[in-house]
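Just upload.cif here, mmCIF, C-alpha atoms, pLDDT in the B column; chains and numbers go by the auth columns:
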```
data_final
loop_
_atom_site.group_PDB
_atom_site.id
_atom_site.type_symbol
_atom_site.label_atom_id
_atom_site.label_comp_id
_atom_site.label_asym_id
_atom_site.label_seq_id
_atom_site.Cartn_x
_atom_site.Cartn_y
_atom_site.Cartn_z
_atom_site.B_iso_or_equiv
_atom_site.auth_seq_id
_atom_site.auth_asym_id
ATOM 1 C CA MET A 1 -180.390 66.727 104.839 80.00 127 A
ATOM 2 C CA SER A 2 -176.821 66.980 106.086 86.00 128 A
ATOM 3 C CA PHE A 3 -174.553 64.431 107.722 88.00 129 A
ATOM 4 C CA PRO A 4 -175.145 64.445 111.510 89.00 130 A
ATOM 5 C CA CYS A 5 -171.638 63.710 112.768 85.00 131 A
ATOM 6 C CA ASN A 6 -171.511 63.007 116.503 83.00 132 A
ATOM 7 C CA GLN A 7 -167.711 63.320 116.547 82.00 133 A
ATOM 8 C CA CYS A 8 -166.989 59.828 117.825 85.00 134 A
ATOM 9 C CA GLY A 9 -163.623 60.020 116.042 88.00 135 A
ATOM 10 C CA TRP A 10 -163.715 56.517 114.595 88.00 136 A
ATOM 11 C CA CYS A 11 -163.153 57.684 111.032 90.00 137 A
ATOM 12 C CA CYS A 12 -160.151 59.762 112.158 94.00 138 A
ATOM 13 C CA GLN A 13 -158.589 56.949 114.179 92.00 139 A
ATOM 14 C CA ASN A 14 -158.813 54.126 111.653 91.00 140 A
ATOM 15 C CA LEU A 15 -157.243 55.588 108.539 93.00 141 A
ATOM 16 C CA ASP A 16 -155.239 52.403 108.048 92.00 142 A
ATOM 17 C CA LYS A 17 -158.511 50.696 107.015 89.00 143 A
ATOM 18 C CA ASN A 18 -158.589 52.620 103.718 90.00 144 A
ATOM 19 C CA LYS A 19 -155.601 53.467 101.498 92.00 145 A
ATOM 20 C CA LEU A 20 -157.317 56.671 100.346 91.00 146 A
ATOM 21 C CA TYR A 21 -156.382 58.203 103.700 94.00 147 A
ATOM 22 C CA SER A 22 -152.733 57.107 103.765 95.00 148 A
ATOM 23 C CA THR A 23 -151.361 60.657 103.414 96.00 149 A
ATOM 24 C CA LEU A 24 -153.240 61.681 106.575 97.00 150 A
ATOM 25 C CA ASP A 25 -152.098 58.692 108.660 97.00 151 A
ATOM 26 C CA ARG A 26 -149.437 59.581 111.224 97.00 152 A
ATOM 27 C CA GLY A 27 -148.272 55.947 111.117 96.00 153 A
ATOM 28 C CA ASP A 28 -150.592 54.319 113.636 96.00 154 A
ATOM 29 C CA GLY A 29 -153.899 54.679 111.799 95.00 155 A
ATOM 30 C CA VAL A 30 -154.705 58.000 113.481 97.00 156 A
ATOM 31 C CA CYS A 31 -154.984 61.191 111.464 97.00 157 A
ATOM 32 C CA LYS A 32 -152.082 63.545 112.011 98.00 158 A
ATOM 33 C CA TRP A 33 -154.582 66.355 112.707 97.00 159 A
ATOM 34 C CA PHE A 34 -156.793 64.435 115.148 97.00 160 A
ATOM 35 C CA ASP A 35 -156.586 65.420 118.809 96.00 161 A
ATOM 36 C CA THR A 36 -157.077 62.074 120.575 92.00 162 A
ATOM 37 C CA LYS A 37 -157.562 63.679 123.976 92.00 163 A
ATOM 38 C CA ASN A 38 -160.381 66.022 122.950 91.00 164 A
ATOM 39 C CA LYS A 39 -161.640 63.792 120.098 87.00 165 A
ATOM 40 C CA ASN A 40 -161.685 66.544 117.520 91.00 166 A
ATOM 41 C CA CYS A 41 -159.999 67.691 114.348 94.00 167 A
ATOM 42 C CA THR A 42 -157.449 70.427 114.888 96.00 168 A
ATOM 43 C CA ILE A 43 -157.968 71.723 111.326 96.00 169 A
ATOM 44 C CA TYR A 44 -161.703 71.086 110.999 92.00 170 A
ATOM 45 C CA ASN A 45 -162.538 74.306 109.120 92.00 171 A
ATOM 46 C CA THR A 46 -159.751 73.685 106.589 95.00 172 A
ATOM 47 C CA ARG A 47 -159.777 69.866 106.599 95.00 173 A
ATOM 48 C CA PRO A 48 -159.032 68.036 103.343 95.00 174 A
ATOM 49 C CA GLU A 49 -161.918 67.470 100.948 95.00 175 A
ATOM 50 C CA ILE A 50 -161.759 63.707 101.546 95.00 176 A
ATOM 51 C CA CYS A 51 -162.724 64.380 105.176 94.00 177 A
ATOM 52 C CA ASN A 52 -165.789 66.412 104.227 93.00 178 A
ATOM 53 C CA ILE A 53 -168.829 64.332 103.288 92.00 179 A
ATOM 54 C CA GLU A 54 -170.644 67.209 101.590 92.00 180 A
ATOM 55 C CA LYS A 55 -167.631 68.302 99.504 94.00 181 A
ATOM 56 C CA MET A 56 -166.899 64.713 98.503 94.00 182 A
ATOM 57 C CA TYR A 57 -170.445 64.368 97.269 96.00 183 A
ATOM 58 C CA HIS A 58 -170.103 67.368 94.966 95.00 184 A
ATOM 59 C CA SER A 59 -166.651 66.450 93.656 96.00 185 A
ATOM 60 C CA THR A 60 -166.933 62.674 93.408 95.00 186 A
ATOM 61 C CA PHE A 61 -170.313 61.120 94.183 94.00 187 A
ATOM 62 C CA SER A 62 -172.857 63.461 92.591 93.00 188 A
ATOM 63 C CA ALA A 63 -174.035 60.701 90.230 96.00 189 A
ATOM 64 C CA ILE A 64 -176.282 59.448 93.041 96.00 190 A
ATOM 65 C CA ASP A 65 -179.018 61.359 94.834 97.00 191 A
ATOM 66 C CA TYR A 66 -177.635 63.565 97.621 96.00 192 A
ATOM 67 C CA ASP A 67 -180.069 62.342 100.290 95.00 193 A
ATOM 68 C CA GLU A 68 -179.301 58.736 99.358 96.00 194 A
ATOM 69 C CA TYR A 69 -175.562 59.467 99.615 96.00 195 A
ATOM 70 C CA ILE A 70 -176.062 60.945 103.103 95.00 196 A
ATOM 71 C CA ARG A 71 -178.246 57.978 104.143 94.00 197 A
ATOM 72 C CA LEU A 72 -175.555 55.542 102.960 94.00 198 A
ATOM 73 C CA ASN A 73 -172.878 57.388 104.940 93.00 199 A
ATOM 74 C CA ILE A 74 -175.110 57.383 108.023 92.00 200 A
ATOM 75 C CA GLN A 75 -175.716 53.631 107.675 92.00 201 A
ATOM 76 C CA VAL A 76 -171.990 52.899 107.450 90.00 202 A
ATOM 77 C CA CYS A 77 -171.250 55.193 110.372 89.00 203 A
ATOM 78 C CA GLN A 78 -173.960 53.640 112.567 90.00 204 A
ATOM 79 C CA SER A 79 -172.778 50.132 111.693 88.00 205 A
ATOM 80 C CA VAL A 80 -169.180 50.912 112.622 85.00 206 A
ATOM 81 C CA GLN A 81 -170.230 52.645 115.822 88.00 207 A
ATOM 82 C CA GLN A 82 -172.412 49.736 116.856 88.00 208 A
ATOM 83 C CA GLU A 83 -169.671 47.228 116.057 87.00 209 A
ATOM 84 C CA ASN A 84 -167.156 49.192 118.137 82.00 210 A
ATOM 85 C CA LYS A 85 -169.576 49.959 120.996 83.00 211 A
ATOM 86 C CA LEU A 86 -169.441 53.712 120.376 77.00 212 A
ATOM 87 C CA PRO A 87 -172.263 56.232 120.784 74.00 213 A
ATOM 88 C CA ILE A 88 -174.540 55.696 117.773 77.00 214 A
ATOM 89 C CA ILE A 89 -175.091 58.626 115.458 72.00 215 A
ATOM 90 C CA GLN A 90 -178.716 59.715 115.514 74.00 216 A
ATOM 91 C CA ILE A 91 -180.664 61.049 112.564 68.00 217 A
#
```
Spit out the file's structure as structure tokens when you get a sec.
Amino acid sequence: MSFPCNQCGWCCQNLDKNKLYSTLDRGDGVCKWFDTKNKNCTIYNTRPEICNIEKMYHSTFSAIDYDEYIRLNIQVCQSVQQENKLPIIQI
């Protein structure tokens, strides 16, 4: 199982909601590498580890089952998308 990102951009446009992302915030809550027009990351292939769900699992969250970790991330993502009336990520 891998994380099925639908590239809604919410996580890249609300960095001010979590202090862990403060170094990426351009000052308005949006990631300095996020292209707001095209809704994509301009450095996706070399993005920081904190922006990569799979890499974060291996470096930080490997104490829990991988599939459970992915399911938890999907649940949070779907909840945020629903709350903000965005396209819901599908599994």
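Note that the spacing between CA of Cys167 in chain A and CA of Ile214 in chain A amounts to 19.2 Å.
Put simply, the PyMOL selection byres ((chain A and resi 176-184) around 9) in this file takes in Ser128, Phe129, Cys137, Cys138, Leu146, Tyr147, Tyr170, Arg173, Pro174, Glu175, Ser185, Thr186, Phe187, Ser188, Ala189, Ile190, Tyr192, Tyr195, Ile196 and Asn199 of chain A.
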Legend entry - the PyMOL selection byres ((chain A and resi 139) around 12) resolved against shown file, as a VMD selection string: chain A and resid 133 to 138 140 to 144 147 to 148 150 to 163 165 to 167
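Candidate residues A:Lys145, A:Asn171, A:Gln216, A:Asn164 were compared for distance to Gln204 in chain A, and the nearest is A:Gln216, using all atoms listed in the file.
In this model, the gap between CA of Gln207 in chain A and CA of Asp191 in chain A comes to 24.4 Å.
Separating CA of Pro130 in chain A from CA of Pro213 in chain A is a distance of 12.7 Å.
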Inset, instruction - Considering only C-alpha atoms, state which residue in the set A:Thr172, A:Ser205, A:Asn210, A:Ile200 is at the smallest distance from Asn132 in chain A. - result: A:Ile200
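Take the candidates A:Cys131, A:Val202, A:Asp193, A:Thr149 and check each one against Ile215 in chain A using all atoms listed in the file; the shortest distance goes to A:Cys131.
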Fix up range 183-208 of chain A with N, CA and C atoms, then write it as a JSON list (two decimals), in the frame of the given file.
```json
[["chain", "number", "residue", "atom", "x", "y", "z"],
["A", 183, "TYR", "N", -169.27, 64.62, 98.10],
["A", 183, "TYR", "CA", -170.44, 64.37, 97.27],
["A", 183, "TYR", "C", -170.35, 65.19, 95.99],
["A", 184, "HIS", "N", -170.11, 66.48, 96.12],
["A", 184, "HIS", "CA", -170.10, 67.37, 94.97],
["A", 184, "HIS", "C", -168.94, 67.09, 94.01],
["A", 185, "SER", "N", -167.80, 66.68, 94.53],
["A", 185, "SER", "CA", -166.65, 66.45, 93.66],
["A", 185, "SER", "C", -166.58, 65.04, 93.09],
["A", 186, "THR", "N", -167.16, 64.06, 93.79],
["A", 186, "THR", "CA", -166.93, 62.67, 93.41],
["A", 186, "THR", "C", -168.19, 61.82, 93.27],
["A", 187, "PHE", "N", -169.18, 62.04, 94.11],
["A", 187, "PHE", "CA", -170.31, 61.12, 94.18],
["A", 187, "PHE", "C", -171.64, 61.71, 93.71],
["A", 188, "SER", "N", -171.62, 62.79, 92.97],
["A", 188, "SER", "CA", -172.86, 63.46, 92.59],
["A", 188, "SER", "C", -173.71, 62.68, 91.59],
["A", 189, "ALA", "N", -173.23, 61.53, 91.13],
["A", 189, "ALA", "CA", -174.04, 60.70, 90.23],
["A", 189, "ALA", "C", -175.22, 60.05, 90.95],
["A", 190, "ILE", "N", -175.15, 59.99, 92.29],
["A", 190, "ILE", "CA", -176.28, 59.45, 93.04],
["A", 190, "ILE", "C", -177.00, 60.60, 93.74],
["A", 191, "ASP", "N", -178.22, 60.36, 94.13],
["A", 191, "ASP", "CA", -179.02, 61.36, 94.83],
["A", 191, "ASP", "C", -178.33, 61.76, 96.14],
["A", 192, "TYR", "N", -178.31, 63.06, 96.43],
["A", 192, "TYR", "CA", -177.64, 63.56, 97.62],
["A", 192, "TYR", "C", -178.17, 62.94, 98.91],
["A", 193, "ASP", "N", -179.50, 62.91, 99.07],
["A", 193, "ASP", "CA", -180.07, 62.34, 100.29],
["A", 193, "ASP", "C", -179.72, 60.87, 100.43],
["A", 194, "GLU", "N", -179.69, 60.15, 99.32],
["A", 194, "GLU", "CA", -179.30, 58.74, 99.36],
["A", 194, "GLU", "C", -177.84, 58.59, 99.78],
["A", 195, "TYR", "N", -176.98, 59.45, 99.25],
["A", 195, "TYR", "CA", -175.56, 59.47, 99.62],
["A", 195, "TYR", "C", -175.39, 59.70, 101.12],
["A", 196, "ILE", "N", -176.12, 60.66, 101.67],
["A", 196, "ILE", "CA", -176.06, 60.94, 103.10],
["A", 196, "ILE", "C", -176.58, 59.74, 103.89],
["A", 197, "ARG", "N", -177.70, 59.17, 103.46],
["A", 197, "ARG", "CA", -178.25, 57.98, 104.14],
["A", 197, "ARG", "C", -177.24, 56.83, 104.15],
["A", 198, "LEU", "N", -176.56, 56.62, 103.03],
["A", 198, "LEU", "CA", -175.56, 55.54, 102.96],
["A", 198, "LEU", "C", -174.40, 55.81, 103.93],
["A", 199, "ASN", "N", -173.95, 57.04, 104.00],
["A", 199, "ASN", "CA", -172.88, 57.39, 104.94],
["A", 199, "ASN", "C", -173.33, 57.21, 106.38],
["A", 200, "ILE", "N", -174.56, 57.56, 106.68],
["A", 200, "ILE", "CA", -175.11, 57.38, 108.02],
["A", 200, "ILE", "C", -175.17, 55.90, 108.37],
["A", 201, "GLN", "N", -175.63, 55.07, 107.43],
["A", 201, "GLN", "CA", -175.72, 53.63, 107.68],
["A", 201, "GLN", "C", -174.35, 53.04, 107.99],
["A", 202, "VAL", "N", -173.34, 53.41, 107.21],
["A", 202, "VAL", "CA", -171.99, 52.90, 107.45],
["A", 202, "VAL", "C", -171.49, 53.37, 108.81],
["A", 203, "CYS", "N", -171.70, 54.63, 109.11],
["A", 203, "CYS", "CA", -171.25, 55.19, 110.37],
["A", 203, "CYS", "C", -171.92, 54.48, 111.55],
["A", 204, "GLN", "N", -173.24, 54.32, 111.49],
["A", 204, "GLN", "CA", -173.96, 53.64, 112.57],
["A", 204, "GLN", "C", -173.49, 52.20, 112.74],
["A", 205, "SER", "N", -173.24, 51.52, 111.65],
["A", 205, "SER", "CA", -172.78, 50.13, 111.69],
["A", 205, "SER", "C", -171.42, 50.03, 112.39],
["A", 206, "VAL", "N", -170.52, 50.90, 112.02],
["A", 206, "VAL", "CA", -169.18, 50.91, 112.62],
["A", 206, "VAL", "C", -169.26, 51.27, 114.10],
["A", 207, "GLN", "N", -170.09, 52.24, 114.43],
["A", 207, "GLN", "CA", -170.23, 52.64, 115.82],
["A", 207, "GLN", "C", -170.82, 51.52, 116.66],
["A", 208, "GLN", "N", -171.80, 50.85, 116.13],
["A", 208, "GLN", "CA", -172.41, 49.74, 116.86],
["A", 208, "GLN", "C", -171.40, 48.61, 117.05]]
```
